[in-house]
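Shown here: input_23.cif, mmCIF, C-alpha atoms.
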data_target
#
loop_
_atom_site.group_PDB
_atom_site.id
_atom_site.type_symbol
_atom_site.label_atom_id
_atom_site.label_comp_id
_atom_site.auth_asym_id
_atom_site.auth_seq_id
_atom_site.Cartn_x
_atom_site.Cartn_y
_atom_site.Cartn_z
ATOM 1 C CA MET E 24 -3.294 19.051 19.897
ATOM 2 C CA GLY E 25 -4.609 17.915 16.510
ATOM 3 C CA ARG E 26 -3.013 15.791 13.858
ATOM 4 C CA LYS E 27 -2.219 17.307 10.510
ATOM 5 C CA ARG E 28 -3.781 15.525 7.566
ATOM 6 C CA LYS E 29 -2.028 15.248 4.267
ATOM 7 C CA SER E 30 -4.195 16.438 1.427
ATOM 8 C CA VAL E 31 -4.353 13.852 -1.315
ATOM 9 C CA GLN E 32 -4.408 15.322 -4.783
ATOM 10 C CA ARG E 33 -6.986 13.543 -6.930
ATOM 11 C CA LYS E 34 -5.650 12.129 -10.164
ATOM 12 C CA GLU E 35 -7.912 12.472 -13.161
ATOM 13 C CA PHE E 36 -8.874 9.261 -14.960
ATOM 14 C CA LYS E 37 -12.042 7.840 -16.453
ATOM 15 C CA LEU E 38 -13.565 4.619 -17.709
ATOM 16 C CA GLY E 39 -11.618 3.125 -20.625
ATOM 17 C CA ASP E 40 -8.355 5.028 -19.987
ATOM 18 C CA ILE E 41 -5.033 3.184 -20.200
ATOM 19 C CA VAL E 42 -2.966 4.019 -17.090
ATOM 20 C CA ARG E 43 0.643 3.365 -16.043
ATOM 21 C CA MET E 44 1.173 1.928 -12.554
ATOM 22 C CA ARG E 45 4.261 2.243 -10.305
ATOM 23 C CA LYS E 46 5.057 -1.456 -10.064
ATOM 24 C CA LYS E 47 5.363 -3.929 -12.898
ATOM 25 C CA HIS E 48 2.821 -6.780 -13.063
ATOM 26 C CA PRO E 49 4.407 -10.289 -12.934
ATOM 27 C CA CYS E 50 3.706 -10.653 -16.679
ATOM 28 C CA GLY E 51 6.004 -7.647 -17.300
ATOM 29 C CA SER E 52 3.418 -5.001 -18.196
ATOM 30 C CA TYR E 53 3.079 -1.574 -16.537
ATOM 31 C CA THR E 54 -0.121 -0.572 -18.389
ATOM 32 C CA TRP E 55 -3.680 -1.270 -17.289
ATOM 33 C CA GLN E 56 -7.129 -0.352 -18.662
ATOM 34 C CA VAL E 57 -9.740 1.102 -16.284
ATOM 35 C CA ILE E 58 -12.889 -1.022 -16.657
ATOM 36 C CA ARG E 59 -14.922 0.101 -13.603
ATOM 37 C CA VAL E 60 -14.913 3.306 -11.567
ATOM 38 C CA GLY E 61 -16.588 3.895 -8.219
ATOM 39 C CA ALA E 62 -15.512 3.538 -4.587
ATOM 40 C CA ASP E 63 -13.330 0.752 -6.001
ATOM 41 C CA VAL E 64 -11.511 0.790 -9.333
ATOM 42 C CA LYS E 65 -11.333 -2.335 -11.506
ATOM 43 C CA ILE E 66 -8.398 -2.523 -13.910
ATOM 44 C CA LYS E 67 -7.356 -5.011 -16.606
ATOM 45 C CA CYS E 68 -3.695 -5.784 -17.362
ATOM 46 C CA GLN E 69 -2.793 -4.990 -20.966
ATOM 47 C CA GLY E 70 -0.171 -7.762 -21.004
ATOM 48 C CA CYS E 71 -2.009 -10.853 -19.773
ATOM 49 C CA GLY E 72 -5.646 -9.759 -19.323
ATOM 50 C CA ARG E 73 -5.726 -10.260 -15.534
ATOM 51 C CA ILE E 74 -8.452 -8.215 -13.778
ATOM 52 C CA VAL E 75 -7.777 -6.618 -10.375
ATOM 53 C CA MET E 76 -10.001 -4.498 -8.139
ATOM 54 C CA LEU E 77 -8.426 -1.884 -5.832
ATOM 55 C CA PRO E 78 -9.889 0.665 -3.410
ATOM 56 C CA ARG E 79 -9.920 4.065 -5.140
ATOM 57 C CA LEU E 80 -7.393 5.706 -2.774
ATOM 58 C CA GLU E 81 -4.924 2.830 -3.168
ATOM 59 C CA PHE E 82 -5.336 2.969 -6.972
ATOM 60 C CA GLU E 83 -4.717 6.743 -7.028
ATOM 61 C CA ARG E 84 -1.574 6.272 -4.912
ATOM 62 C CA LYS E 85 -0.182 3.545 -7.208
ATOM 63 C CA MET E 86 -1.095 5.196 -10.540
ATOM 64 C CA ILE E 87 1.614 7.321 -12.184
ATOM 65 C CA ARG E 88 -0.204 8.802 -15.181
ATOM 66 C CA VAL E 89 -2.795 8.279 -17.913
ATOM 67 C CA GLU E 90 -1.080 6.875 -21.031
ATOM 68 C CA GLU E 91 -4.092 6.958 -23.397
ATOM 69 C CA GLU E 92 -7.487 8.564 -22.933
ATOM 70 C CA SER E 93 -10.628 6.852 -24.152
#
Once more with this new file: its structure as structure tokens, please.
Amino acid sequence: MGRKRKSVQRKEFKLGDIVRMRKKHPCGSYTWQVIRVGADVKIKCQGCGRIVMLPRLEFERKMIRVEEES
């Protein structure tokens, strides 16, 4: 008996894009700029400038959409 795997649909984004995340940052902003892409994704808050690095799968799960393309 095998386990069924959910297929994760890849969300399209690239370096320099402004993305909207599900949860609000403590500063009040929902928008982040993608500043590094790889196995991990580094994003910069557009409200306060804070930089956060997330594993790619976690980032794709938390991202809602691309607001502005670079």
Problem set entry | Given the PyMOL selection byres ((chain E and resi 73) around 12), the residues it picks as JSON, numbers by chain | {"E": [48, 49, 50, 52, 54, 55, 56, 58, 65, 66, 67, 68, 69, 70, 71, 72, 74, 75, 76]}
Exercise. Selected by the PyMOL selection byres ((chain E and resi 82) around 10) in the shown coordinates: which residues, as a list in words?
Worked result: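 Taken on the displayed file, the PyMOL selection byres ((chain E and resi 82) around 10) yields the residues Lys34, Met44, Asp63, Val64, Lys65, Ile66, Met76, Leu77, Pro78, Arg79, Leu80, Glu81, Glu83, Arg84, Lys85, Met86 and Ile87 of chain E.
Checking E:Val57, E:Arg88, E:Gly51, E:Lys46 one by one against Arg33 (chain E), counting all atoms listed in the file, you find the shortest gap at E:Arg88.
Coordinates place CA of Glu92 (chain E) at a distance of 8.1 Å from CA of Phe36 (chain E).
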Exercise. Interatomic distance between CA of Lys37 (chain E) and CA of Val60 (chain E)?
Worked result: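 About the pair CA of Lys37 (chain E) and CA of Val60 (chain E): they are 7.3 Å apart.
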Exercise. So which one's closest to Glu90 (chain E), E:Val42, E:Glu35, E:Ala62, E:Lys47? Using only C-alpha atoms, please.
Worked result: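 Once distances to Glu90 (chain E) are computed over only C-alpha atoms, the minimum belongs to E:Val42.
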Return as AutoDock Vina command-line options the box centre and box size in Å, one decimal, for an axis-aligned box around all listed atoms of region 39-57 of chain E padded by 3 Å per side.
--center_x -2.8 --center_y -2.8 --center_z -15.3 --size_x 23.6 --size_y 21.7 --size_z 16.6
Got a minute to add N, CA and C atoms to region 41-65 of chain E and dump it as a PDB file, in the coordinates of the input?
ATOM      1  N   ILE E  41      -6.174   4.062 -20.423  1.00  0.00           N
ATOM      2  CA  ILE E  41      -5.033   3.184 -20.200  1.00  0.00           C
ATOM      3  C   ILE E  41      -4.100   3.947 -19.266  1.00  0.00           C
ATOM      4  N   VAL E  42      -3.790   3.342 -18.094  1.00  0.00           N
ATOM      5  CA  VAL E  42      -2.966   4.019 -17.090  1.00  0.00           C
ATOM      6  C   VAL E  42      -1.670   3.254 -16.840  1.00  0.00           C
ATOM      7  N   ARG E  43      -0.641   3.973 -16.399  1.00  0.00           N
ATOM      8  CA  ARG E  43       0.643   3.365 -16.043  1.00  0.00           C
ATOM      9  C   ARG E  43       0.719   3.310 -14.527  1.00  0.00           C
ATOM     10  N   MET E  44       1.072   2.130 -13.995  1.00  0.00           N
ATOM     11  CA  MET E  44       1.173   1.928 -12.554  1.00  0.00           C
ATOM     12  C   MET E  44       2.638   1.957 -12.129  1.00  0.00           C
ATOM     13  N   ARG E  45       2.892   2.173 -10.831  1.00  0.00           N
ATOM     14  CA  ARG E  45       4.261   2.243 -10.305  1.00  0.00           C
ATOM     15  C   ARG E  45       5.017   0.931 -10.445  1.00  0.00           C
ATOM     16  N   LYS E  46       4.379  -0.163 -10.040  1.00  0.00           N
ATOM     17  CA  LYS E  46       5.057  -1.456 -10.064  1.00  0.00           C
ATOM     18  C   LYS E  46       4.656  -2.267 -11.285  1.00  0.00           C
ATOM     19  N   LYS E  47       5.594  -3.067 -11.750  1.00  0.00           N
ATOM     20  CA  LYS E  47       5.363  -3.929 -12.898  1.00  0.00           C
ATOM     21  C   LYS E  47       4.550  -5.149 -12.461  1.00  0.00           C
ATOM     22  N   HIS E  48       3.586  -5.565 -13.298  1.00  0.00           N
ATOM     23  CA  HIS E  48       2.821  -6.780 -13.063  1.00  0.00           C
ATOM     24  C   HIS E  48       3.747  -7.980 -13.320  1.00  0.00           C
ATOM     25  N   PRO E  49       3.545  -9.127 -12.695  1.00  0.00           N
ATOM     26  CA  PRO E  49       4.407 -10.289 -12.934  1.00  0.00           C
ATOM     27  C   PRO E  49       4.563 -10.679 -14.406  1.00  0.00           C
ATOM     28  N   CYS E  50       3.595 -10.345 -15.250  1.00  0.00           N
ATOM     29  CA  CYS E  50       3.706 -10.653 -16.679  1.00  0.00           C
ATOM     30  C   CYS E  50       4.666  -9.699 -17.393  1.00  0.00           C
ATOM     31  N   GLY E  51       5.054  -8.593 -16.720  1.00  0.00           N
ATOM     32  CA  GLY E  51       6.004  -7.647 -17.300  1.00  0.00           C
ATOM     33  C   GLY E  51       5.406  -6.338 -17.768  1.00  0.00           C
ATOM     34  N   SER E  52       4.090  -6.206 -17.706  1.00  0.00           N
ATOM     35  CA  SER E  52       3.418  -5.001 -18.196  1.00  0.00           C
ATOM     36  C   SER E  52       3.226  -3.963 -17.090  1.00  0.00           C
ATOM     37  N   TYR E  53       3.352  -2.680 -17.451  1.00  0.00           N
ATOM     38  CA  TYR E  53       3.079  -1.574 -16.537  1.00  0.00           C
ATOM     39  C   TYR E  53       1.716  -0.934 -16.824  1.00  0.00           C
ATOM     40  N   THR E  54       1.096  -1.258 -17.957  1.00  0.00           N
ATOM     41  CA  THR E  54      -0.121  -0.572 -18.389  1.00  0.00           C
ATOM     42  C   THR E  54      -1.376  -1.390 -18.100  1.00  0.00           C
ATOM     43  N   TRP E  55      -2.404  -0.671 -17.662  1.00  0.00           N
ATOM     44  CA  TRP E  55      -3.680  -1.270 -17.289  1.00  0.00           C
ATOM     45  C   TRP E  55      -4.808  -0.425 -17.875  1.00  0.00           C
ATOM     46  N   GLN E  56      -5.944  -1.066 -18.179  1.00  0.00           N
ATOM     47  CA  GLN E  56      -7.129  -0.352 -18.662  1.00  0.00           C
ATOM     48  C   GLN E  56      -8.148  -0.280 -17.536  1.00  0.00           C
ATOM     49  N   VAL E  57      -8.720   0.910 -17.315  1.00  0.00           N
ATOM     50  CA  VAL E  57      -9.740   1.102 -16.284  1.00  0.00           C
ATOM     51  C   VAL E  57     -11.063   0.572 -16.839  1.00  0.00           C
ATOM     52  N   ILE E  58     -11.638  -0.440 -16.159  1.00  0.00           N
ATOM     53  CA  ILE E  58     -12.889  -1.022 -16.657  1.00  0.00           C
ATOM     54  C   ILE E  58     -14.074  -0.804 -15.717  1.00  0.00           C
ATOM     55  N   ARG E  59     -13.838  -0.254 -14.517  1.00  0.00           N
ATOM     56  CA  ARG E  59     -14.922   0.101 -13.603  1.00  0.00           C
ATOM     57  C   ARG E  59     -14.421   1.197 -12.685  1.00  0.00           C
ATOM     58  N   VAL E  60     -15.280   2.198 -12.440  1.00  0.00           N
ATOM     59  CA  VAL E  60     -14.913   3.306 -11.567  1.00  0.00           C
ATOM     60  C   VAL E  60     -16.030   3.507 -10.557  1.00  0.00           C
ATOM     61  N   GLY E  61     -15.647   3.649  -9.305  1.00  0.00           N
ATOM     62  CA  GLY E  61     -16.588   3.895  -8.219  1.00  0.00           C
ATOM     63  C   GLY E  61     -15.786   4.067  -6.945  1.00  0.00           C
ATOM     64  N   ALA E  62     -16.284   3.525  -5.831  1.00  0.00           N
ATOM     65  CA  ALA E  62     -15.512   3.538  -4.587  1.00  0.00           C
ATOM     66  C   ALA E  62     -14.281   2.654  -4.770  1.00  0.00           C
ATOM     67  N   ASP E  63     -14.435   1.621  -5.605  1.00  0.00           N
ATOM     68  CA  ASP E  63     -13.330   0.752  -6.001  1.00  0.00           C
ATOM     69  C   ASP E  63     -13.073   0.965  -7.485  1.00  0.00           C
ATOM     70  N   VAL E  64     -11.862   0.659  -7.915  1.00  0.00           N
ATOM     71  CA  VAL E  64     -11.511   0.790  -9.333  1.00  0.00           C
ATOM     72  C   VAL E  64     -11.080  -0.589  -9.822  1.00  0.00           C
ATOM     73  N   LYS E  65     -11.692  -1.042 -10.921  1.00  0.00           N
ATOM     74  CA  LYS E  65     -11.333  -2.335 -11.506  1.00  0.00           C
ATOM     75  C   LYS E  65     -10.481  -2.056 -12.738  1.00  0.00           C
TER      76      LYS E  65
END
